[in-house]
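Raw contents of work_33.pdb, PDB, C-alpha atoms, pLDDT in the B column:
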ATOM      1  CA  MET A  29      -8.761  67.142 -35.093  1.00 52.00           C
ATOM      2  CA  HIS A  30     -11.363  64.576 -33.958  1.00 62.00           C
ATOM      3  CA  LYS A  31     -10.272  62.094 -36.651  1.00 72.00           C
ATOM      4  CA  SER A  32      -6.625  62.095 -35.523  1.00 82.00           C
ATOM      5  CA  VAL A  33      -7.739  62.016 -31.882  1.00 83.00           C
ATOM      6  CA  VAL A  34      -9.907  58.939 -32.542  1.00 86.00           C
ATOM      7  CA  GLU A  35      -6.996  57.279 -34.375  1.00 87.00           C
ATOM      8  CA  ASN A  36      -4.771  57.911 -31.353  1.00 88.00           C
ATOM      9  CA  LEU A  37      -7.415  56.811 -28.836  1.00 91.00           C
ATOM     10  CA  ARG A  38      -7.815  53.544 -30.778  1.00 92.00           C
ATOM     11  CA  ARG A  39      -4.208  52.672 -29.776  1.00 91.00           C
ATOM     12  CA  VAL A  40      -4.746  53.307 -26.052  1.00 91.00           C
ATOM     13  CA  GLU A  41      -4.888  50.012 -24.109  1.00 90.00           C
ATOM     14  CA  LEU A  42      -7.232  51.531 -21.539  1.00 91.00           C
ATOM     15  CA  LEU A  43      -9.790  52.111 -24.330  1.00 94.00           C
ATOM     16  CA  SER A  44      -9.356  48.711 -25.985  1.00 93.00           C
ATOM     17  CA  GLY A  45     -12.606  47.227 -27.282  1.00 96.00           C
ATOM     18  CA  LEU A  46     -14.428  50.524 -27.757  1.00 96.00           C
ATOM     19  CA  SER A  47     -16.135  51.025 -31.114  1.00 95.00           C
ATOM     20  CA  ASP A  48     -15.278  53.985 -33.352  1.00 93.00           C
ATOM     21  CA  GLU A  49     -18.533  55.632 -32.281  1.00 94.00           C
ATOM     22  CA  GLU A  50     -17.608  55.187 -28.603  1.00 96.00           C
ATOM     23  CA  LEU A  51     -14.075  56.485 -29.249  1.00 95.00           C
ATOM     24  CA  LEU A  52     -15.620  59.548 -30.876  1.00 94.00           C
ATOM     25  CA  GLN A  53     -17.702  60.078 -27.713  1.00 95.00           C
ATOM     26  CA  VAL A  54     -14.483  59.911 -25.666  1.00 95.00           C
ATOM     27  CA  ALA A  55     -12.779  62.303 -28.110  1.00 94.00           C
ATOM     28  CA  THR A  56     -15.518  64.893 -27.545  1.00 94.00           C
ATOM     29  CA  ILE A  57     -14.628  65.162 -23.840  1.00 95.00           C
ATOM     30  CA  CYS A  58     -10.880  65.471 -24.479  1.00 95.00           C
ATOM     31  CA  LYS A  59      -9.196  68.812 -23.967  1.00 95.00           C
ATOM     32  CA  VAL A  60      -5.818  69.528 -25.572  1.00 95.00           C
ATOM     33  CA  ARG A  61      -2.820  70.596 -23.500  1.00 97.00           C
ATOM     34  CA  ARG A  62       0.481  71.563 -25.125  1.00 97.00           C
ATOM     35  CA  LEU A  63       3.617  71.407 -22.985  1.00 98.00           C
ATOM     36  CA  ALA A  64       7.261  72.184 -23.702  1.00 98.00           C
ATOM     37  CA  SER A  65      10.151  69.793 -23.317  1.00 97.00           C
ATOM     38  CA  GLY A  66      11.183  69.635 -19.642  1.00 97.00           C
ATOM     39  CA  GLN A  67       7.816  70.860 -18.382  1.00 97.00           C
ATOM     40  CA  HIS A  68       6.153  68.862 -15.587  1.00 97.00           C
ATOM     41  CA  VAL A  69       2.660  67.504 -16.269  1.00 97.00           C
ATOM     42  CA  PHE A  70       2.261  66.871 -12.540  1.00 96.00           C
ATOM     43  CA  ASN A  71       4.406  66.009  -9.531  1.00 94.00           C
ATOM     44  CA  GLU A  72       4.422  63.041  -7.187  1.00 92.00           C
ATOM     45  CA  GLY A  73       2.068  63.821  -4.300  1.00 92.00           C
ATOM     46  CA  ASP A  74      -0.078  66.297  -6.257  1.00 93.00           C
ATOM     47  CA  GLU A  75      -3.852  65.998  -6.188  1.00 92.00           C
ATOM     48  CA  GLY A  76      -5.388  65.407  -9.578  1.00 91.00           C
ATOM     49  CA  ASP A  77      -8.595  64.672 -11.418  1.00 93.00           C
ATOM     50  CA  GLU A  78      -7.312  64.219 -14.976  1.00 94.00           C
ATOM     51  CA  LEU A  79      -6.311  61.250 -17.111  1.00 93.00           C
ATOM     52  CA  PHE A  80      -3.823  61.937 -19.927  1.00 95.00           C
ATOM     53  CA  VAL A  81      -3.307  60.389 -23.349  1.00 93.00           C
ATOM     54  CA  ILE A  82      -0.155  61.269 -25.249  1.00 94.00           C
ATOM     55  CA  HIS A  83      -1.158  62.557 -28.684  1.00 94.00           C
ATOM     56  CA  GLU A  84       2.360  63.694 -29.645  1.00 95.00           C
ATOM     57  CA  GLY A  85       5.693  63.461 -27.858  1.00 96.00           C
ATOM     58  CA  CYS A  86       7.211  61.442 -25.041  1.00 97.00           C
ATOM     59  CA  VAL A  87       7.018  61.720 -21.239  1.00 97.00           C
ATOM     60  CA  ARG A  88       9.253  60.383 -18.481  1.00 95.00           C
ATOM     61  CA  ILE A  89       7.696  58.811 -15.383  1.00 93.00           C
ATOM     62  CA  VAL A  90       9.830  59.545 -12.309  1.00 93.00           C
ATOM     63  CA  ILE A  91       9.565  58.472  -8.677  1.00 91.00           C
ATOM     64  CA  ASN A  92      11.605  59.700  -5.738  1.00 88.00           C
ATOM     65  CA  THR A  93      13.603  56.959  -4.041  1.00 85.00           C
ATOM     66  CA  ARG A  94      15.289  57.305  -0.681  1.00 83.00           C
ATOM     67  CA  GLY A  95      18.961  56.383  -0.482  1.00 81.00           C
ATOM     68  CA  PRO A  96      20.732  54.837   2.528  1.00 84.00           C
ATOM     69  CA  ASP A  97      21.725  58.329   3.699  1.00 88.00           C
ATOM     70  CA  GLY A  98      18.081  59.473   3.698  1.00 85.00           C
ATOM     71  CA  THR A  99      18.328  61.728   0.659  1.00 89.00           C
ATOM     72  CA  PHE A 100      15.802  61.436  -2.151  1.00 87.00           C
ATOM     73  CA  THR A 101      16.865  60.823  -5.724  1.00 88.00           C
ATOM     74  CA  PRO A 102      14.592  60.970  -8.768  1.00 89.00           C
ATOM     75  CA  SER A 103      14.522  57.626 -10.607  1.00 88.00           C
ATOM     76  CA  THR A 104      13.033  57.108 -14.054  1.00 91.00           C
ATOM     77  CA  ILE A 105      10.717  54.109 -14.075  1.00 88.00           C
ATOM     78  CA  ASN A 106       9.252  54.413 -17.566  1.00 89.00           C
ATOM     79  CA  LEU A 107       9.021  56.376 -20.792  1.00 93.00           C
ATOM     80  CA  LEU A 108       5.635  56.705 -22.492  1.00 93.00           C
ATOM     81  CA  TYR A 109       4.943  57.632 -26.108  1.00 94.00           C
ATOM     82  CA  SER A 110       2.108  58.616 -28.429  1.00 92.00           C
ATOM     83  CA  GLY A 111      -0.961  56.431 -27.896  1.00 89.00           C
ATOM     84  CA  GLN A 112      -0.129  55.637 -24.265  1.00 90.00           C
ATOM     85  CA  SER A 113      -1.972  56.964 -21.226  1.00 91.00           C
ATOM     86  CA  PHE A 114      -1.137  57.875 -17.636  1.00 91.00           C
ATOM     87  CA  GLY A 115      -2.949  59.185 -14.579  1.00 90.00           C
ATOM     88  CA  GLU A 116      -5.751  56.644 -14.979  1.00 87.00           C
ATOM     89  CA  MET A 117      -5.960  55.992 -11.230  1.00 85.00           C
ATOM     90  CA  VAL A 118      -8.118  59.143 -10.965  1.00 86.00           C
ATOM     91  CA  LEU A 119     -10.936  57.069 -12.494  1.00 83.00           C
ATOM     92  CA  LEU A 120     -10.939  54.920  -9.340  1.00 81.00           C
ATOM     93  CA  GLY A 121     -11.294  57.791  -6.905  1.00 76.00           C
ATOM     94  CA  GLY A 122      -9.384  60.828  -5.776  1.00 66.00           C
ATOM     95  CA  ALA A 123      -5.855  59.911  -4.897  1.00 72.00           C
ATOM     96  CA  THR A 124      -2.562  61.724  -4.941  1.00 87.00           C
ATOM     97  CA  ARG A 125      -0.241  61.257  -7.889  1.00 92.00           C
ATOM     98  CA  SER A 126       2.145  58.348  -7.360  1.00 89.00           C
ATOM     99  CA  ALA A 127       4.866  59.700  -9.659  1.00 92.00           C
ATOM    100  CA  THR A 128       6.126  62.813 -11.401  1.00 95.00           C
ATOM    101  CA  VAL A 129       5.575  63.089 -15.163  1.00 96.00           C
ATOM    102  CA  VAL A 130       7.968  65.250 -17.211  1.00 97.00           C
ATOM    103  CA  CYS A 131       7.830  65.966 -20.946  1.00 98.00           C
ATOM    104  CA  VAL A 132      10.915  64.637 -22.742  1.00 97.00           C
ATOM    105  CA  ASP A 133       9.822  66.272 -26.010  1.00 96.00           C
ATOM    106  CA  PRO A 134       7.321  69.013 -26.708  1.00 98.00           C
ATOM    107  CA  CYS A 135       4.022  67.212 -26.043  1.00 97.00           C
ATOM    108  CA  VAL A 136       0.425  67.419 -27.089  1.00 96.00           C
ATOM    109  CA  LEU A 137      -1.675  65.697 -24.433  1.00 96.00           C
ATOM    110  CA  LEU A 138      -5.341  64.771 -24.538  1.00 95.00           C
ATOM    111  CA  VAL A 139      -6.807  65.493 -21.121  1.00 95.00           C
ATOM    112  CA  ILE A 140      -9.899  63.733 -19.785  1.00 94.00           C
ATOM    113  CA  ARG A 141     -11.336  65.049 -16.545  1.00 94.00           C
ATOM    114  CA  GLU A 142     -12.689  62.368 -14.225  1.00 93.00           C
ATOM    115  CA  ARG A 143     -16.023  64.175 -13.848  1.00 94.00           C
ATOM    116  CA  ASP A 144     -16.485  64.373 -17.653  1.00 95.00           C
ATOM    117  CA  PHE A 145     -15.619  60.697 -18.022  1.00 94.00           C
ATOM    118  CA  ALA A 146     -18.092  59.731 -15.274  1.00 94.00           C
ATOM    119  CA  THR A 147     -20.837  61.704 -17.035  1.00 96.00           C
ATOM    120  CA  LEU A 148     -20.000  59.966 -20.324  1.00 96.00           C
ATOM    121  CA  CYS A 149     -20.189  56.558 -18.611  1.00 95.00           C
ATOM    122  CA  GLU A 150     -23.604  57.405 -17.159  1.00 95.00           C
ATOM    123  CA  ARG A 151     -24.809  58.049 -20.722  1.00 96.00           C
ATOM    124  CA  ASN A 152     -23.012  54.981 -22.118  1.00 96.00           C
ATOM    125  CA  PRO A 153     -22.312  52.353 -19.412  1.00 96.00           C
ATOM    126  CA  ARG A 154     -20.572  50.059 -21.939  1.00 97.00           C
ATOM    127  CA  ILE A 155     -17.705  52.577 -22.170  1.00 96.00           C
ATOM    128  CA  GLY A 156     -17.296  52.556 -18.397  1.00 93.00           C
ATOM    129  CA  TYR A 157     -17.488  48.770 -18.224  1.00 95.00           C
ATOM    130  CA  LEU A 158     -14.812  48.243 -20.894  1.00 95.00           C
ATOM    131  CA  VAL A 159     -12.477  50.871 -19.462  1.00 93.00           C
ATOM    132  CA  MET A 160     -12.792  49.458 -15.932  1.00 91.00           C
ATOM    133  CA  ARG A 161     -12.258  45.911 -17.255  1.00 93.00           C
ATOM    134  CA  ASN A 162      -9.126  47.056 -19.092  1.00 91.00           C
ATOM    135  CA  MET A 163      -7.912  48.915 -16.020  1.00 86.00           C
ATOM    136  CA  ALA A 164      -8.487  45.863 -13.809  1.00 88.00           C
ATOM    137  CA  ALA A 165      -6.485  43.684 -16.229  1.00 87.00           C
ATOM    138  CA  ASP A 166      -3.644  46.239 -16.262  1.00 83.00           C
ATOM    139  CA  LEU A 167      -3.621  46.574 -12.470  1.00 81.00           C
ATOM    140  CA  ALA A 168      -3.638  42.768 -12.068  1.00 82.00           C
ATOM    141  CA  TYR A 169      -0.624  42.545 -14.403  1.00 72.00           C
ATOM    142  CA  LYS A 170       1.209  45.278 -12.469  1.00 73.00           C
ATOM    143  CA  LEU A 171       0.392  43.614  -9.142  1.00 75.00           C
ATOM    144  CA  ARG A 172       1.697  40.237 -10.344  1.00 78.00           C
ATOM    145  CA  SER A 173       4.860  41.916 -11.647  1.00 74.00           C
ATOM    146  CA  SER A 174       5.358  43.786  -8.370  1.00 73.00           C
ATOM    147  CA  ASN A 175       4.874  40.587  -6.388  1.00 74.00           C
ATOM    148  CA  LEU A 176       7.540  38.831  -8.467  1.00 72.00           C
ATOM    149  CA  LEU A 177       9.970  41.712  -7.968  1.00 71.00           C
ATOM    150  CA  LEU A 178       9.247  41.828  -4.240  1.00 71.00           C
ATOM    151  CA  ARG A 179       9.688  38.068  -3.923  1.00 72.00           C
ATOM    152  CA  GLY A 180      13.011  38.254  -5.769  1.00 72.00           C
ATOM    153  CA  ASN A 181      14.170  41.148  -3.589  1.00 70.00           C
ATOM    154  CA  ILE A 182      13.282  39.263  -0.394  1.00 72.00           C
ATOM    155  CA  ARG A 183      15.065  36.144  -1.628  1.00 70.00           C
ATOM    156  CA  TRP A 184      18.104  38.242  -2.547  1.00 71.00           C
ATOM    157  CA  GLN A 185      18.146  39.942   0.887  1.00 74.00           C
ATOM    158  CA  GLN A 186      17.919  36.548   2.587  1.00 75.00           C
ATOM    159  CA  GLY A 187      20.878  35.296   0.549  1.00 74.00           C
ATOM    160  CA  GLU A 188      18.881  32.704  -1.380  1.00 69.00           C
ATOM    161  CA  LEU A 189      19.880  33.986  -4.787  1.00 65.00           C
ATOM    162  CA  GLY A 190      23.310  33.298  -6.158  1.00 63.00           C
ATOM    163  CA  LYS A 191      23.861  30.150  -4.070  1.00 57.00           C
ATOM    164  CA  ARG A 192      24.909  26.969  -5.834  1.00 47.00           C
TER     165      ARG A 192
END
Could you write out this file's structure as structure tokens?
Amino acid sequence: MHKSVVENLRRVELLSGLSDEELLQVATICKVRRLASGQHVFNEGDEGDELFVIHEGCVRIVINTRGPDGTFTPSTINLLYSGQSFGEMVLLGGATRSATVVCVDPCVLLVIRERDFATLCERNPRIGYLVMRNMAADLAYKLRSSNLLLRGNIRWQQGELGKR
């Protein structure tokens, strides 16, 4: 299975720039988890120490949003497919999960424990450097996007948008 795992890991943005040999090192620390359609990978607010790569299937990323009446409603914010990853914030330190992840299809997930990844990076610092660089670029993109959305929301609330 290592060959197909390496092929899948090659598509993961978080692992961009790693050589085939380095991807094989990452593949050796991956565990396989099979989940049924509708099964939760984890829930918003859960503690976690695992990063996930989708090997097969599709997952839905859901956050709870509070309505004007105070009730919470689950809202889908993204769908992820084979070759995409989630839960990468565990590599930056123990934090609670910021969303719920639910399998849309039966899924095969590659699971990387934070502790195993840290050990791998101690043996091969280039892997850690490239992954952290990729993560920083992704977080910067998400922060810029969030700032634009927030700015637009503030302008809309202040009545600036839609005026002629």
| request: Give me, please, the distance in Å between atom CA of Ile57 of chain A and atom CA of Ser110 of chain A, quoted to one decimal. | output: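 Separation between atom CA of Ile57 of chain A and atom CA of Ser110 of chain A: 18.5 Å.
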| request: Quick one: pull the distance between atom CA of Asn106 of chain A and atom CA of Ala123 of chain A, Å, one decimal. | output: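 For atom CA of Asn106 of chain A relative to atom CA of Ala123 of chain A, the distance reads 20.5 Å.
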| Spatial neighbours of segment 135-148 of chain A, max dist 10 Å, all atoms listed in the file, sep filter under 2 positions, as number ranges by chain | A: 33, 36-37, 50, 53-67, 69, 76-87, 109-111, 113, 115-122, 130-133, 150-153, 155-156
| task | Measure the distance from atom CA of Ala164 of chain A to atom CA of Cys149 of chain A in Å and round it to one decimal. | result |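 Here the two named atoms are 16.6 Å from each other.
With distances taken over all atoms listed in the file, A:Arg161 is the one residue among A:Arg161, A:Asp166, A:Gly187, A:Leu107 lying closest to Gly45 of chain A.
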Take every atom of segment 151-170 of chain A listed in the file, pad by 3 Å on each side, and give me the axis-aligned box centre and edge lengths in Å, one decimal, as lines of an AutoDock Vina configuration file.
center_x = -11.8
center_y = 50.3
center_z = -17.1
size_x = 32.0
size_y = 21.5
size_z = 16.1
Check which residues satisfy the PyMOL selection byres ((chain A and resi 42) around 7) in the file shown, then give them as a PDB file with C-alpha atoms, keeping the file's coordinate frame.
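selection-v1.pdb, written as the output of this step:
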ATOM      1  CA  VAL A  40      -4.746  53.307 -26.052  1.00 91.00           C
ATOM      2  CA  GLU A  41      -4.888  50.012 -24.109  1.00 90.00           C
ATOM      3  CA  LEU A  43      -9.790  52.111 -24.330  1.00 94.00           C
ATOM      4  CA  SER A  44      -9.356  48.711 -25.985  1.00 93.00           C
ATOM      5  CA  VAL A 159     -12.477  50.871 -19.462  1.00 93.00           C
ATOM      6  CA  ASN A 162      -9.126  47.056 -19.092  1.00 91.00           C
ATOM      7  CA  MET A 163      -7.912  48.915 -16.020  1.00 86.00           C
TER       8      MET A 163
END
